[in-house]
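Written below as structure tokens is the structure these notes are about.
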Amino acid sequence: GMWARVYVDGELLAESRQPYSQLEITVPAAAAATRDIVVVSDNRFNRQRLPLLEQFFDFYAYGGIFRSVYWHELPARALDRVQLTTLDVASGRVRADVRFREAFTSKRTASLTVDGKLLPPVKLTVRKGQADFEFTVPEPAPWSPASPALHTCELGVGDDAVTERFGLRTVGVADGVVAINGEPVKLLGYCRHEAHPQFGPALPLDQLVQDLHLLRDLGCNFVRGSHYPQDPRFLDLCDELGFVVFEESMGWGQQVEHFVDPVFQDLQVAQTETMVRKSYNHPCVALWGFLNEGASHKPESRAIYERLATTLRALDSTRLVTYASMHPLDDLNLDLVDVVSINCYPGWYAQDKELVAPSSEIVPRLDAIRASLAARGFGGKPFLVSEIGAGAIYGWRDPLHAHWSEEYQQEYLRVVCEEVVKNPAIAGVALWQFCDGRTYASARALMRPRAFNNKGTLDEYRRPKLAYGTVRSIFRKE
Ligand code: ADA
């Protein structure tokens, strides 16, 4: 976070320009018994060095090392990953795409162990470091939110082996909503930032577990990882607990000046590729996204939106492509997506400043957005409310239910959740947001008291606000 250089034995080996992404470095062998690794990280804003990050983002760009660091000692022609794709859920038929770390061409015999059971050896024809084959899981159990069964596959080639955990499931669309294994699933959940006052973005495992237990308690089955790929351990837990995840590469409100910059474009594509390569075996991930609230209503946005959608589909055609748009009435790129995801804040950033009861704006606004989408030919795609919410300062109670009071937020989220649950035309919601999070006050000081985004249903220490019980009772009934 957010930019880094890695030196080994005093030599610069790598530079990281993809915040929240996995960085892999090949360290050359050396005779010395001990090695010296230095990571220099910097979270200052610098458009040239780090074009993916901007000062106007509404989340704090923490510095330092966010995620676990691993050292692997690898043989020559080591395996990289095995991408597993469900071909048939019922029979447990799976396709395995094997990638080695070197682009060699040869024939190899691999050992294959699935769920601890040794299957017959596999003959691999490796071309430019890639091979594929199919196998059948001996005792297949489908993955679903209600029953998140997982399988493991260990592939051994020569002196190397990799283990991948995966789920047997398909993602599609049925009855205007997202479907897992053909079964429609109404998505009820939250947007979540990886942040905590004591840990920054480097959350201990216990905190990841607690976050998911709170989401489960709230009756949620869905998380949008805003606005960057979440910790891989969090996705592991989502796999285990049966959450459906919308994973997106890092973006926030980028404009035409970014879209026309070739360096920005290439990095945007590169970080999106890294995200897919890291997450493809997580059954929890059902939706791929990018460029949260970019200027998708401008013609100049077309090229990069098209490139990103194409990149996602080329790397993984088994999931749904979307992006969170804040331009529901004039977005120019919705033909590219499988799911229309709309961020909107009726009754918070109120349209009508005179309104006495701002929450009365919510349902008419959602109806108007859907009508406009239908009129433009997007009515057949699932409609997901990818953000909606209102701010409340923890502990601020007010009998007049003023803006920023817990009561105001409670009433707001009640109206939203009731509408989402009862309206079959809404595929789901990712409420904004799970918990309060540190941001910058520079550009919007009067909208971000404490320099926090205060729209959490919990505060930054995960203390529930009044709305918690309200969301919980509505979602849990569903
Ligand atoms: C946007 C944005 C969020 C947050 C939110 C808000 O929708 O995607 O990150 O800034 O607005 O609180 O206004």
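FYI, nothing fancy with the structure tokens labels: chains A, B, ... in order, residues from 1 per chain, ligands from 1 as they appear.
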Skipping near chain neighbours, those fewer than 2 positions away, what residues fall within 8 Å of A:Ala103 using only C-alpha atoms, listed as number ranges by chain? A: 100-101, 105, 127-130
Please produce a file of those selected residues containing N, CA and C atoms, as a JSON list (two decimals), in the first residue's frame.
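Saved as selection_29.json:
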```json
[["chain", "number", "residue", "atom", "x", "y", "z"],
["A", 100, "PHE", "N", 2.24, -23.57, -15.70],
["A", 100, "PHE", "CA", 3.57, -23.67, -15.11],
["A", 100, "PHE", "C", 4.18, -22.27, -15.07],
["A", 101, "ARG", "N", 5.27, -22.15, -14.33],
["A", 101, "ARG", "CA", 5.92, -20.83, -14.24],
["A", 101, "ARG", "C", 6.88, -20.55, -15.38],
["A", 105, "THR", "N", 7.67, -26.56, -23.45],
["A", 105, "THR", "CA", 6.77, -27.46, -24.19],
["A", 105, "THR", "C", 7.31, -28.87, -24.04],
["A", 127, "ARG", "N", 2.12, -27.08, -23.52],
["A", 127, "ARG", "CA", 2.53, -26.18, -24.62],
["A", 127, "ARG", "C", 2.71, -24.80, -24.03],
["A", 128, "LYS", "N", 3.89, -24.26, -24.22],
["A", 128, "LYS", "CA", 4.22, -22.93, -23.69],
["A", 128, "LYS", "C", 3.81, -22.79, -22.22],
["A", 129, "GLY", "N", 4.09, -23.83, -21.45],
["A", 129, "GLY", "CA", 3.82, -23.77, -20.02],
["A", 129, "GLY", "C", 2.37, -23.96, -19.62],
["A", 130, "GLN", "N", 1.53, -24.40, -20.57],
["A", 130, "GLN", "CA", 0.11, -24.58, -20.23],
["A", 130, "GLN", "C", -0.39, -25.94, -20.69]]
```
Surrounding residues of stretch 119-122 of chain A excluding itself and chain neighbours under 5 positions, 9 Å, only C-alpha atoms, as a PyMOL selection string: chain A and resi 108-114+133+135+138
What residues in stretch 171-354 of chain A get the DSSP label alpha helix (DSSP H)? Please answer as a PDB file with C-alpha atoms, in the first residue's frame.
```
ATOM      1  CA  LEU A 205      -7.983 -13.447  10.750  1.00  0.00           C
ATOM      2  CA  ASP A 206     -10.193 -13.076  13.844  1.00  0.00           C
ATOM      3  CA  GLN A 207     -11.474  -9.755  12.523  1.00  0.00           C
ATOM      4  CA  LEU A 208     -12.283 -11.221   9.132  1.00  0.00           C
ATOM      5  CA  VAL A 209     -14.184 -13.995  10.884  1.00  0.00           C
ATOM      6  CA  GLN A 210     -16.036 -11.528  13.091  1.00  0.00           C
ATOM      7  CA  ASP A 211     -17.035  -9.416  10.094  1.00  0.00           C
ATOM      8  CA  LEU A 212     -18.567 -12.436   8.415  1.00  0.00           C
ATOM      9  CA  HIS A 213     -20.295 -13.586  11.589  1.00  0.00           C
ATOM     10  CA  LEU A 214     -21.836 -10.137  11.889  1.00  0.00           C
ATOM     11  CA  LEU A 215     -22.944 -10.261   8.255  1.00  0.00           C
ATOM     12  CA  ARG A 216     -24.369 -13.702   8.805  1.00  0.00           C
ATOM     13  CA  ASP A 217     -26.165 -12.489  11.940  1.00  0.00           C
ATOM     14  CA  PRO A 232      -7.795 -13.797  -0.046  1.00  0.00           C
ATOM     15  CA  ARG A 233      -8.391 -15.158   3.453  1.00  0.00           C
ATOM     16  CA  PHE A 234     -11.690 -13.278   3.497  1.00  0.00           C
ATOM     17  CA  LEU A 235     -12.669 -14.982   0.238  1.00  0.00           C
ATOM     18  CA  ASP A 236     -11.653 -18.344   1.753  1.00  0.00           C
ATOM     19  CA  LEU A 237     -14.052 -17.665   4.607  1.00  0.00           C
ATOM     20  CA  CYS A 238     -16.798 -16.598   2.183  1.00  0.00           C
ATOM     21  CA  ASP A 239     -16.292 -19.915   0.366  1.00  0.00           C
ATOM     22  CA  GLU A 240     -16.673 -21.774   3.644  1.00  0.00           C
ATOM     23  CA  LEU A 241     -19.693 -19.847   4.893  1.00  0.00           C
ATOM     24  CA  VAL A 256     -12.313  11.092 -18.864  1.00  0.00           C
ATOM     25  CA  GLU A 257      -8.775  12.325 -18.164  1.00  0.00           C
ATOM     26  CA  HIS A 258      -8.024   8.866 -16.724  1.00  0.00           C
ATOM     27  CA  PHE A 259      -9.795   6.894 -19.431  1.00  0.00           C
ATOM     28  CA  PRO A 262      -2.798   4.751 -21.907  1.00  0.00           C
ATOM     29  CA  VAL A 263      -0.766   4.140 -18.722  1.00  0.00           C
ATOM     30  CA  PHE A 264      -3.945   4.202 -16.643  1.00  0.00           C
ATOM     31  CA  GLN A 265      -5.692   1.903 -19.112  1.00  0.00           C
ATOM     32  CA  ASP A 266      -2.919  -0.689 -19.079  1.00  0.00           C
ATOM     33  CA  LEU A 267      -2.624  -0.698 -15.300  1.00  0.00           C
ATOM     34  CA  GLN A 268      -6.379  -0.962 -14.978  1.00  0.00           C
ATOM     35  CA  VAL A 269      -6.384  -4.013 -17.218  1.00  0.00           C
ATOM     36  CA  ALA A 270      -3.345  -5.475 -15.448  1.00  0.00           C
ATOM     37  CA  GLN A 271      -4.870  -5.179 -11.977  1.00  0.00           C
ATOM     38  CA  THR A 272      -8.126  -6.689 -13.248  1.00  0.00           C
ATOM     39  CA  GLU A 273      -6.171  -9.645 -14.647  1.00  0.00           C
ATOM     40  CA  THR A 274      -4.327 -10.062 -11.349  1.00  0.00           C
ATOM     41  CA  MET A 275      -7.659 -10.099  -9.524  1.00  0.00           C
ATOM     42  CA  VAL A 276      -9.082 -12.890 -11.696  1.00  0.00           C
ATOM     43  CA  ARG A 277      -5.888 -14.965 -11.536  1.00  0.00           C
ATOM     44  CA  LYS A 278      -5.935 -14.714  -7.751  1.00  0.00           C
ATOM     45  CA  SER A 279      -9.613 -15.465  -7.244  1.00  0.00           C
ATOM     46  CA  ARG A 302     -16.231   3.291 -23.930  1.00  0.00           C
ATOM     47  CA  ALA A 303     -12.785   1.969 -24.832  1.00  0.00           C
ATOM     48  CA  ILE A 304     -11.640   1.122 -21.313  1.00  0.00           C
ATOM     49  CA  TYR A 305     -15.025  -0.288 -20.226  1.00  0.00           C
ATOM     50  CA  GLU A 306     -15.054  -2.499 -23.291  1.00  0.00           C
ATOM     51  CA  ARG A 307     -11.472  -3.612 -22.702  1.00  0.00           C
ATOM     52  CA  LEU A 308     -12.156  -4.506 -19.084  1.00  0.00           C
ATOM     53  CA  ALA A 309     -15.332  -6.454 -19.845  1.00  0.00           C
ATOM     54  CA  THR A 310     -13.529  -8.318 -22.637  1.00  0.00           C
ATOM     55  CA  THR A 311     -10.540  -9.040 -20.387  1.00  0.00           C
ATOM     56  CA  LEU A 312     -12.776 -10.492 -17.690  1.00  0.00           C
ATOM     57  CA  ARG A 313     -14.680 -12.717 -20.095  1.00  0.00           C
ATOM     58  CA  ALA A 314     -11.489 -13.910 -21.792  1.00  0.00           C
ATOM     59  CA  LEU A 315      -9.955 -14.966 -18.472  1.00  0.00           C
TER      60      LEU A 315
END
```
Near-A:Tyr60 list (12 Å; only C-alpha atoms; drop same-chain fewer than 5 positions) as a ChimeraX atom specification: /A:1-2,43-45,53-55,193-197,200-201,227,252,436-442,451-453
Test item: residues no farther than 8 Å from ligand 1, counting only C-alpha atoms and all ligand atoms, as a tab-separated table (two decimals) with C-alpha atoms, in the first residue's frame:
```tsv
chain	number	residue	atom	x	y	z
A	57	PHE	CA	-11.17	8.67	-3.40
A	58	ASP	CA	-13.58	8.25	-0.53
A	59	PHE	CA	-11.46	5.75	1.41
A	226	SER	CA	-15.56	-2.29	-2.30
A	227	HIS	CA	-13.54	-0.91	-4.02
A	252	TRP	CA	-13.33	5.20	-7.59
A	253	GLY	CA	-14.94	7.92	-9.63
A	292	ASN	CA	-16.69	1.91	-9.32
A	293	GLU	CA	-18.62	5.06	-10.23
A	324	ALA	CA	-21.23	-0.15	-10.15
A	326	MET	CA	-23.69	6.14	-10.68
A	343	ASN	CA	-25.29	3.15	-6.86
A	344	CYS	CA	-27.79	5.73	-5.67
A	345	TYR	CA	-28.54	7.72	-2.54
A	387	GLU	CA	-24.89	0.95	-3.13
A	388	ILE	CA	-27.51	2.81	-1.17
A	389	GLY	CA	-27.38	4.21	2.34
A	390	ALA	CA	-27.34	7.09	4.79
A	391	GLY	CA	-24.86	8.34	7.36
A	432	TRP	CA	-23.57	1.13	1.78
A	453	ASN	CA	-17.56	7.73	5.86
A	454	ASN	CA	-20.25	7.24	8.51
A	455	LYS	CA	-22.75	5.20	6.52
```
Assign secondary structure with DSSP using the backbone only, and return the residues of stretch 179-357 of chain A in strand (DSSP E) as a PDB file with C-alpha atoms, in the first residue's frame.
```pdb
ATOM      1  CA  ALA A 179     -28.768 -17.850 -10.044  1.00  0.00           C
ATOM      2  CA  ILE A 180     -26.415 -20.368  -8.456  1.00  0.00           C
ATOM      3  CA  GLU A 183     -31.516 -21.544  -8.441  1.00  0.00           C
ATOM      4  CA  PRO A 184     -32.417 -17.838  -8.177  1.00  0.00           C
ATOM      5  CA  LEU A 187     -28.628 -11.016  -2.978  1.00  0.00           C
ATOM      6  CA  LEU A 188     -28.913  -9.352   0.422  1.00  0.00           C
ATOM      7  CA  GLY A 189     -25.784  -7.810   1.792  1.00  0.00           C
ATOM      8  CA  TYR A 190     -23.305  -5.021   2.181  1.00  0.00           C
ATOM      9  CA  CYS A 191     -20.397  -3.230   0.605  1.00  0.00           C
ATOM     10  CA  ARG A 192     -17.348  -3.747   2.750  1.00  0.00           C
ATOM     11  CA  PHE A 222     -23.844 -11.243  -0.161  1.00  0.00           C
ATOM     12  CA  VAL A 223     -20.765  -9.002   0.066  1.00  0.00           C
ATOM     13  CA  ARG A 224     -19.500  -6.451  -2.412  1.00  0.00           C
ATOM     14  CA  GLY A 225     -15.763  -6.030  -1.918  1.00  0.00           C
ATOM     15  CA  VAL A 244     -21.855 -14.681  -2.663  1.00  0.00           C
ATOM     16  CA  VAL A 245     -19.191 -12.089  -3.528  1.00  0.00           C
ATOM     17  CA  PHE A 246     -19.009  -9.220  -6.023  1.00  0.00           C
ATOM     18  CA  GLU A 247     -15.276  -8.685  -6.447  1.00  0.00           C
ATOM     19  CA  GLU A 248     -13.962  -5.581  -8.183  1.00  0.00           C
ATOM     20  CA  VAL A 285     -17.077 -15.007  -6.320  1.00  0.00           C
ATOM     21  CA  ALA A 286     -20.044 -14.774  -8.681  1.00  0.00           C
ATOM     22  CA  LEU A 287     -19.621 -11.262 -10.079  1.00  0.00           C
ATOM     23  CA  TRP A 288     -16.572  -9.477 -11.469  1.00  0.00           C
ATOM     24  CA  GLY A 289     -16.567  -5.695 -11.421  1.00  0.00           C
ATOM     25  CA  LEU A 320     -21.173 -12.463 -14.464  1.00  0.00           C
ATOM     26  CA  VAL A 321     -19.638  -9.141 -15.453  1.00  0.00           C
ATOM     27  CA  ALA A 324     -21.230  -0.145 -10.153  1.00  0.00           C
ATOM     28  CA  SER A 325     -22.623   2.808 -12.086  1.00  0.00           C
ATOM     29  CA  VAL A 340     -26.871  -3.750 -14.141  1.00  0.00           C
ATOM     30  CA  SER A 341     -25.470  -2.453 -10.841  1.00  0.00           C
ATOM     31  CA  ILE A 342     -26.571   1.000  -9.735  1.00  0.00           C
ATOM     32  CA  ASN A 343     -25.285   3.146  -6.858  1.00  0.00           C
TER      33      ASN A 343
END
```
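Coordinates place atom CA of A:Gly428 at a distance of 14.5 Å from atom CA of A:Gly172.
Rounded to one decimal, atom CA of A:Pro229 and atom CA of A:Pro204 lie 16.6 Å from each other.
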Go through A:Val416, A:Tyr62, A:Ala443, A:Phe290 one by one, measure the shortest atom-to-atom distance of each to A:Glu361 using only C-alpha atoms, and give the residue with the smallest value. A:Val416
For a quick check of understanding, using only C-alpha atoms, which of A:Ala146, A:Trp3, A:Val177, A:His327 has the smallest distance to A:Cys220? A:Ala146
May I ask for the distance between atom CA of A:Asp80 and atom CA of A:Val38, given in Å to one decimal place? 24.6 Å
Which residues are near A:Leu79? Cut-off 7 Å, only C-alpha atoms, ignore same chain within fewer than 2 positions. Put them as an MDAnalysis selection string. chainID A and resid 77 81 99:101 160:162
Pick the closest to A:Val429 from A:Asn221, A:Thr322, A:Ser301, A:Asn46: which is it, counting only C-alpha atoms?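 Going through A:Asn221, A:Thr322, A:Ser301, A:Asn46 one by one, the smallest distance to A:Val429 is for A:Asn221.
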Can you pull out the residues contacting A:Val98? Cut-off 6 Å, using only C-alpha atoms, and skip same-chain residues under 3 positions away; I want them as a list in words. Val82, Gln130, Ala131 and Asp132 of chain A
